[in-house]
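Enquirer: Mind having a look at this structure? Questions to follow.
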Amino acid sequence: MLWTASQVLRKFSTSSNYYQNKLKLAIIGQSVFGQEVYSNLRKQGHKVVGVFTVPDKDGKADPLAVAAEKDRTPVFKFPRWRVKGKPIPEVVDAYKAVGAELNVLPFCSQFIPMNIIDNPRHGSIIYHPSLLPLHRGASAINWTLIHGDKKAGFTVFWADDGLDTGPILLQRECAVEPTDTVDTLYNRFLFPEGIKAMVESVQLIADGKAPRVPQTEEGASYEGIQKKSNAKVNLAQPAEAVHNWIRGHDKVPGAWTVIDGQAVTLYGSSMLGGLLPAGQPLEIAGAPQPGLVTKNGLVLYGTDGKALLVKNLQFDDGKMIPASKYFSSGESSSVELTADEEKMAEEIRDIWKGILSNVPAVEDTTDFFKSGAASMDVVRLVEEVKQKCAGVQLQNEDVYMATTFQDFIQMFVRKLRGEDQEEELVIDYATKEVNNMTVKMPTQCFINGKFEDAENGKRYDTINPTDGSVICKVSYASVGDVDRAVAAAKEAYDNGPWGKMNPRDRGSLLYKLADLMEEHQEELATIESIDSGAVYTLALKTHVGMSIQTFRYFAGWCDKIHGKTIPINQARPNRNLTFTKREPLGVCAIIIPWNYPLMMLAWKSAACLAAGNTLVLKPAQVTPLTALKFAELSAKAGIPKGVINILPGSGGMVGQRLCDHPDIRKLGFTGSTPIGKQIMKSCALSNLKKVSLELGGKSPLIIFSDCDMDKAVRMGMSSVYFNKGENCIAAGRLFVEESIHDEFISRVVEELKKMKIGDPLDRSTDHGPQNHKAHMDKLLEYCEVGLKEGATLVYGGKQVDRPGFFMEPTVFTHVEDHMFIAKEESFGPVMVVSKFKDGDVDGVLQRANATEYGLASGVFTRDINKAMYVSERLEAGTVFINTYNKTDVASPFGGFKQSGFGKDLGEDALLEYLKTKAVTVEY
């Protein structure tokens, strides 16, 4: 059945589609699924006359809306279609105006009135993730697993009045595997095949061939969305039923039971067969017999005597542990073989002999690859061993990591016993109910793949700048912790899988990490808001959004790093080949600032990891939480232990030790110029380690009288007040041409009066709190100095009278070149404005360049010749023309002069974390 469907679809994707009937469509829905359906229908030649989706959430449009708006397709974002059961007239009128011939509803979650459903000539079709009539309702996929169905699938049906009972147009089905979860079913089948089926259904309608098969009531069911209170597992039933209940509730809402008087949620269920490993009994309320805590997890028994294995347990406080660690039992490291294991080893020796036919005898020291084996022999070895010993999870990579027969057998036996499994990540979370969600924040150092307390046991408070309250206590790393982290990173680089990994596989892990960051983007943005004061909508779009983009960008670079061949002068009669190789540096240290805690981490660590290095990263002491959450996600993505290490703590202790450490080969730093100078000195004296520095700035923005004033005001304000002014490329000084100066200032002040200052989690807030109290105090002092030197305070300059560290957006005018605020960076919401004479282009350029900083700059003018003239003469690493703050992951970023050297982002960033080796061969 699936083969036939793909063949039909293939016809649609060839040139024959020009001869098929096409329809005018209205797409009603949301999500990436809706976006893909929309895009594929347009590719097939159908005309989408309107997209009806949901309003933007936290300033972010739904993916379907994003795609449609890019194509300039009319987009309507209705929060609802009816009120008190009655259609909203203006919504209905807007819909009817597009003139659709068919409504297509991919995963539509809104209740659509029947006068909309029935309005088009061909009516409406809708996708449903179930083989109707089974499992009608929003939790259909979950109930497929809970009921233990052997088949899953989806239905495209003719929409009815919201009860999922309309005639069936098309169905597709797949087998349900014993290990399937909601995610695997969706990713493997429901998503990709569902998109194809929606396209096929539309074409069947266009060609007049679409069936309408009435749904039978036989076998029909409707199960509501499960709540946590209803998800308690009944252990007094067969093992498979318990397994199905747990996997059907996996992730949301989570199946739970009572152990030792407390509710415990069960995750990662699988059926068990064969002999069970030894373990420690555990009484569980309502179970037919005690469970068993083993090295592999928690074994539960059904009423039929069969067993299942649960991998992870989560307690009410949010803490999750490997089930195998319930009693904190240790694991045996013995590799002594039993009699049965000896017998298996000899059978595997015969497999080796069959492959290595040129070797007289396979000894314990026989090396698989030195004996002539190739990559296809690896596949053969793995598959033959798996066939001989069913149930052993063996991968090709295991052979590369254990190349001698003796090592291979030890690895095999550990897998057979379950001893090879990575320890589940144990996390001491600080849990907080905030922003309509539960955020779970790791609070310990992350060293060698584990969260653990600092060596000295010290912890410190991290503060919420919105109200000055303590968020949680975080480990305060010591010099000993730095040494352990560097040792772990060096071991991971020298001997771990990271250095031996195929670059494409390394890229796959970074892509997976980016996907996990996207999955947790709301949680990451919330943590960023409460820890750094970033406005939530900005945190979601920039702090987190650009971090995800950065990892995806550099993941794509992993398998594209290479050298080149060089034609050198031949010393005849010899012939020579010279080529270069790009190689990673080794262990790298990264020290990041507090203004963009996650994004600065991403800008540096993504390039570092893509190049093949390992890293030890120190987040800013005042904003450690998103870095520690990132560490958790990196472990879940499968990044090998020791590759990423995160150490919260002080710059004077942790940062200094990273500079001095002899095993670190590169240090990347973003921060102030004075600290950058000290870092460079320490790195030189220690082992002459490579350094890249992104330091302070006093970026000039020149606004000419021939500018687009509306844009200059809007972007000029953004250049200063973006992210509360805590922005390395913020315009530190604006030069405004004399003839428009007063108008510009007047309009800026007018806009500032409209700016809402408040809770960064409030979606309507424009301006959140400064990062921490010490910085707030420095900003107030900065303004006091400006006033004393004679600058005119036009607006702001004070702390807002409310709890927390809120600074009024501030404007200074009549700023002379000699003044402190004309030369020094505020790193806050302070606009420093100076006039320049009309037409004095060279004069204002001289003033703009009269600074030891050179990070960024900007110019606003409608005259492109003037813009290019100015951009060529501005001494800055970035020049913005008629825009500002427009950075991109593919564009290199870094400064000149005392703003530092080296680049973040783009291809140039990779070069910061690579070394070039030249090889010359004579032949």
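Starting from 1 in every chain, residues are counted up; chains themselves are A, B, ... following the order of the structure tokens, and ligands are numbered from 1 as listed.
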Residues within 9 Å of A:Gly194, please, as a PyMOL selection string. Count only C-alpha atoms; anything in the same chain fewer than 2 positions from it doesn't count.

Expert: chain A and resi 33+37+106+127+129+153-156+172+189-192+196-199

Enquirer: According to DSSP computed on the backbone, where in stretch 456-642 of chain A is there alpha helix (DSSP H)? Give the residues as a ChimeraX atom specification.

Expert: /A:479-494,497-500,503-519,521-532,536-538,545-555,597-610,625-636

Enquirer: Which residues of stretch 128-187 of chain A come within 12 Å of stretch 79-103 of chain A, and what is each one's closest atom pair and distance in Å (one decimal), counting only C-alpha atoms, sorted by chain and residue number, as a tab-separated table?

Expert:
```
residue	atom	partner	partner_atom	distance
A:Phe157	CA	A:Asn103	CA	11.8
A:Trp158	CA	A:Asn103	CA	9.9
A:Ala159	CA	A:Asn103	CA	9.2
```

Enquirer: Excluding stretch 368-376 of chain A and any residue of its chain fewer than 6 positions from it, enumerate the residues within 12 Å of it, using only C-alpha atoms, and give them as JSON, numbers by chain.

Expert: {"A": [349, 351, 352, 353, 354, 355, 356, 357, 358, 359, 360, 361, 362, 382, 383, 396, 397, 399, 400, 401, 402, 403, 404, 405, 406, 407, 408]}

Enquirer: I need the chosen residues saved as a PDB file, in the first residue's frame, with C-alpha atoms.

Expert:
```pdb
ATOM      1  CA  ARG A 349      36.867 -16.054  17.422  1.00  0.00           C
ATOM      2  CA  ILE A 351      33.796 -15.248  13.101  1.00  0.00           C
ATOM      3  CA  TRP A 352      37.094 -13.352  13.161  1.00  0.00           C
ATOM      4  CA  LYS A 353      38.826 -16.317  11.503  1.00  0.00           C
ATOM      5  CA  GLY A 354      36.200 -16.358   8.751  1.00  0.00           C
ATOM      6  CA  ILE A 355      36.790 -12.696   7.987  1.00  0.00           C
ATOM      7  CA  LEU A 356      40.585 -12.645   8.456  1.00  0.00           C
ATOM      8  CA  SER A 357      41.211 -15.607   6.185  1.00  0.00           C
ATOM      9  CA  ASN A 358      44.841 -14.529   5.622  1.00  0.00           C
ATOM     10  CA  VAL A 359      45.686 -14.861   9.341  1.00  0.00           C
ATOM     11  CA  PRO A 360      46.894 -18.345  10.433  1.00  0.00           C
ATOM     12  CA  ALA A 361      45.309 -18.024  13.891  1.00  0.00           C
ATOM     13  CA  VAL A 362      43.344 -15.361  15.758  1.00  0.00           C
ATOM     14  CA  VAL A 382      29.020  -6.535  13.649  1.00  0.00           C
ATOM     15  CA  GLU A 383      26.138  -8.238  11.860  1.00  0.00           C
ATOM     16  CA  ASN A 396      30.354  -0.279  13.875  1.00  0.00           C
ATOM     17  CA  GLU A 397      32.047   2.310  16.062  1.00  0.00           C
ATOM     18  CA  VAL A 399      34.974  -2.228  16.439  1.00  0.00           C
ATOM     19  CA  TYR A 400      37.038   0.894  15.764  1.00  0.00           C
ATOM     20  CA  MET A 401      37.332   1.476  19.516  1.00  0.00           C
ATOM     21  CA  ALA A 402      38.333  -2.122  20.319  1.00  0.00           C
ATOM     22  CA  THR A 403      40.536  -3.330  17.483  1.00  0.00           C
ATOM     23  CA  THR A 404      42.309  -6.296  19.083  1.00  0.00           C
ATOM     24  CA  PHE A 405      40.479  -9.560  19.721  1.00  0.00           C
ATOM     25  CA  GLN A 406      41.022  -9.340  23.470  1.00  0.00           C
ATOM     26  CA  ASP A 407      39.669  -5.781  23.657  1.00  0.00           C
ATOM     27  CA  PHE A 408      36.755  -6.728  21.417  1.00  0.00           C
TER      28      PHE A 408
END
```

Enquirer: Do a neighbour search on A:Asp710 at 12 Å with only C-alpha atoms, toss out local chain neighbours closer than 4 positions, and write the hits as an NGL selection string.

Expert: :A and (703 or 706 or 714-717 or 743-744 or 747-748 or 751 or 860 or 882-883)

Enquirer: Once you have the residues from the selection above, write them out as a short mmCIF file (atom, residue, chain, number, x, y, z; two decimals), in the first residue's frame, restricted to N, CA and C atoms.

Expert:
```cif
data_model
loop_
_atom_site.label_atom_id
_atom_site.label_comp_id
_atom_site.auth_asym_id
_atom_site.auth_seq_id
_atom_site.Cartn_x
_atom_site.Cartn_y
_atom_site.Cartn_z
N ILE A 703 24.80 59.99 11.63
CA ILE A 703 23.48 60.18 11.03
C ILE A 703 23.50 61.49 10.24
N ASP A 706 20.47 63.72 5.19
CA ASP A 706 19.71 63.14 4.08
C ASP A 706 19.26 61.71 4.38
N ARG A 714 14.29 55.08 14.62
CA ARG A 714 14.00 53.72 15.08
C ARG A 714 15.27 52.91 15.28
N MET A 715 16.13 52.91 14.28
CA MET A 715 17.35 52.12 14.36
C MET A 715 18.39 52.76 15.28
N GLY A 716 18.38 54.09 15.36
CA GLY A 716 19.28 54.76 16.29
C GLY A 716 18.96 54.39 17.73
N MET A 717 17.68 54.32 18.04
CA MET A 717 17.28 53.89 19.39
C MET A 717 17.67 52.43 19.62
N GLU A 743 15.52 67.87 15.80
CA GLU A 743 14.36 67.02 15.44
C GLU A 743 14.62 65.57 15.85
N PHE A 744 15.83 65.11 15.60
CA PHE A 744 16.18 63.73 15.96
C PHE A 744 16.01 63.51 17.46
N ARG A 747 12.33 63.52 18.59
CA ARG A 747 11.60 62.29 18.23
C ARG A 747 12.05 61.11 19.08
N VAL A 748 13.33 61.06 19.41
CA VAL A 748 13.82 59.99 20.28
C VAL A 748 13.15 60.08 21.65
N GLU A 751 9.62 58.92 21.64
CA GLU A 751 9.49 57.46 21.61
C GLU A 751 9.86 56.84 22.95
N PHE A 860 23.93 56.46 8.51
CA PHE A 860 22.61 56.58 7.91
C PHE A 860 22.62 57.72 6.91
N ASN A 882 22.55 52.12 7.07
CA ASN A 882 21.09 52.23 7.12
C ASN A 882 20.44 51.06 7.87
N THR A 883 21.16 50.50 8.79
CA THR A 883 20.63 49.46 9.69
C THR A 883 21.56 49.42 10.89
#
```

Enquirer: By how many Å are atom CA of A:Tyr721 and atom CA of A:Ile527 apart?

Expert: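 About the pair atom CA of A:Tyr721 and atom CA of A:Ile527: they are 21.4 Å apart.
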
Enquirer: Closest to A:Phe327 among A:Asn296, A:Ser469, A:Asn40, A:Gln280, using only C-alpha atoms?

Expert: A:Gln280

Enquirer: Record the distance separating atom CA of A:Glu336 and atom CA of A:Pro322, expressed in Å with one decimal.

Expert: 25.8 Å

Enquirer: What's the 10 Å shell around A:Val51, counting only C-alpha atoms, without same-chain residues fewer than 4 positions away, as a PyMOL selection string?

Expert: chain A and resi 25-30+34+38+64-65+67-69+73-77+95+98+103-104

Enquirer: Rank A:Gly732, A:Val832, A:Ala607, A:Asn576 by their smallest atom-to-atom distance to A:Asp908, using only C-alpha atoms, and report the top residue only.

Expert: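 Counting only C-alpha atoms, the residue closest to A:Asp908 is A:Ala607.
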
Enquirer: A:Lys150: which residues within 12 Å, counting only C-alpha atoms, same-chain residues fewer than 5 positions away excluded, as an MDAnalysis selection string?

Expert: chainID A and resid 131 143:145 173:180 244

Enquirer: Go ahead and dump the residues you just picked, N, CA and C atoms, as a short mmCIF file (atom, residue, chain, number, x, y, z; two decimals), in the first residue's frame.

Expert:
```
data_model
loop_
_atom_site.label_atom_id
_atom_site.label_comp_id
_atom_site.auth_asym_id
_atom_site.auth_seq_id
_atom_site.Cartn_x
_atom_site.Cartn_y
_atom_site.Cartn_z
N LEU A 131 -5.82 5.74 12.66
CA LEU A 131 -6.57 4.99 11.66
C LEU A 131 -8.05 5.03 12.06
N TRP A 143 -2.91 7.04 22.53
CA TRP A 143 -3.80 5.90 22.78
C TRP A 143 -3.49 4.73 21.87
N THR A 144 -2.91 4.98 20.72
CA THR A 144 -2.44 3.88 19.87
C THR A 144 -1.46 3.01 20.63
N LEU A 145 -0.54 3.65 21.37
CA LEU A 145 0.45 2.92 22.16
C LEU A 145 -0.16 2.35 23.43
N GLU A 173 -1.01 3.22 6.86
CA GLU A 173 -0.72 2.54 8.12
C GLU A 173 0.71 2.06 8.18
N CYS A 174 1.19 1.81 9.39
CA CYS A 174 2.52 1.25 9.59
C CYS A 174 2.46 0.34 10.81
N ALA A 175 3.44 -0.54 10.91
CA ALA A 175 3.51 -1.43 12.07
C ALA A 175 4.01 -0.66 13.28
N VAL A 176 3.52 -1.00 14.45
CA VAL A 176 4.01 -0.43 15.70
C VAL A 176 5.07 -1.36 16.26
N GLU A 177 6.29 -0.82 16.39
CA GLU A 177 7.38 -1.62 16.92
C GLU A 177 7.31 -1.66 18.44
N PRO A 178 7.85 -2.72 19.06
CA PRO A 178 7.81 -2.83 20.53
C PRO A 178 8.48 -1.66 21.24
N THR A 179 9.45 -1.03 20.56
CA THR A 179 10.18 0.09 21.19
C THR A 179 9.64 1.46 20.78
N ASP A 180 8.59 1.51 19.99
CA ASP A 180 8.08 2.79 19.51
C ASP A 180 7.57 3.67 20.64
N ASN A 244 2.93 -0.68 27.73
CA ASN A 244 2.21 0.19 26.81
C ASN A 244 1.72 1.45 27.50
#
```

Enquirer: DSSP on the backbone, then: every residue of stretch 38-119 of chain A marked strand (DSSP E), written as a list in words.

Expert: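 Filtering stretch 38-119 of chain A down to strand (DSSP E) leaves Lys47, Val48, Val49, Gly50, Val51, Phe52, Thr53, Val75, Phe76, Lys77, Arg82, Val83, Lys86, Pro87, Leu102, Asn103, Val104 and Leu105 of chain A.
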
Enquirer: Keeping N, CA and C atoms, export the residues of the selection given above as a short mmCIF file (atom, residue, chain, number, x, y, z; two decimals), in the first residue's frame.

Expert:
```
data_model
loop_
_atom_site.label_atom_id
_atom_site.label_comp_id
_atom_site.auth_asym_id
_atom_site.auth_seq_id
_atom_site.Cartn_x
_atom_site.Cartn_y
_atom_site.Cartn_z
N LYS A 47 -2.73 26.67 -6.20
CA LYS A 47 -2.62 28.06 -5.77
C LYS A 47 -3.21 28.19 -4.37
N VAL A 48 -2.37 28.62 -3.44
CA VAL A 48 -2.86 28.87 -2.08
C VAL A 48 -3.31 30.32 -2.02
N VAL A 49 -4.63 30.51 -1.88
CA VAL A 49 -5.19 31.86 -1.91
C VAL A 49 -5.28 32.47 -0.52
N GLY A 50 -5.07 31.66 0.50
CA GLY A 50 -5.10 32.20 1.86
C GLY A 50 -4.60 31.19 2.87
N VAL A 51 -3.84 31.66 3.84
CA VAL A 51 -3.39 30.82 4.96
C VAL A 51 -4.03 31.37 6.23
N PHE A 52 -4.70 30.50 6.96
CA PHE A 52 -5.39 30.89 8.19
C PHE A 52 -4.73 30.14 9.35
N THR A 53 -4.04 30.89 10.18
CA THR A 53 -3.26 30.27 11.25
C THR A 53 -3.46 31.04 12.54
N VAL A 75 -2.04 36.02 4.59
CA VAL A 75 -2.03 35.28 5.87
C VAL A 75 -2.99 35.96 6.83
N PHE A 76 -3.84 35.15 7.47
CA PHE A 76 -4.80 35.64 8.46
C PHE A 76 -4.53 34.91 9.77
N LYS A 77 -4.37 35.69 10.85
CA LYS A 77 -4.03 35.10 12.15
C LYS A 77 -5.17 35.35 13.13
N ARG A 82 -15.05 31.56 16.38
CA ARG A 82 -16.41 31.75 16.87
C ARG A 82 -16.37 32.22 18.32
N VAL A 83 -17.42 32.84 18.74
CA VAL A 83 -17.59 33.28 20.12
C VAL A 83 -18.93 32.80 20.61
N LYS A 86 -21.02 30.90 18.14
CA LYS A 86 -21.45 31.54 16.89
C LYS A 86 -20.25 32.06 16.12
N PRO A 87 -20.22 31.84 14.79
CA PRO A 87 -19.12 32.34 13.97
C PRO A 87 -19.00 33.86 14.08
N LEU A 102 -11.17 24.67 -1.99
CA LEU A 102 -11.00 23.55 -1.05
C LEU A 102 -10.26 24.06 0.18
N ASN A 103 -10.73 23.65 1.36
CA ASN A 103 -10.00 23.91 2.59
C ASN A 103 -9.13 22.71 2.93
N VAL A 104 -7.85 22.96 3.21
CA VAL A 104 -6.93 21.90 3.62
C VAL A 104 -6.51 22.19 5.06
N LEU A 105 -6.80 21.22 5.95
CA LEU A 105 -6.53 21.42 7.38
C LEU A 105 -5.50 20.41 7.86
#
```

Enquirer: With distances taken over only C-alpha atoms, which residue among A:Ser834, A:Thr537, A:Thr765, A:Ser699 lies nearest A:Gly858?

Expert: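 Looking at the shortest contact to A:Gly858, the residue is A:Ser699.
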
Enquirer: To one decimal in Å, tell me the separation between atom CA of A:Glu528 and atom CA of A:Lys57.

Expert: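 A separation of 17.8 Å between them.
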
Enquirer: Closest to A:Tyr429 among A:Leu701, A:Leu313, A:Leu625, A:Met807, using only C-alpha atoms?

Expert: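 The closest residue to A:Tyr429 is A:Leu625.
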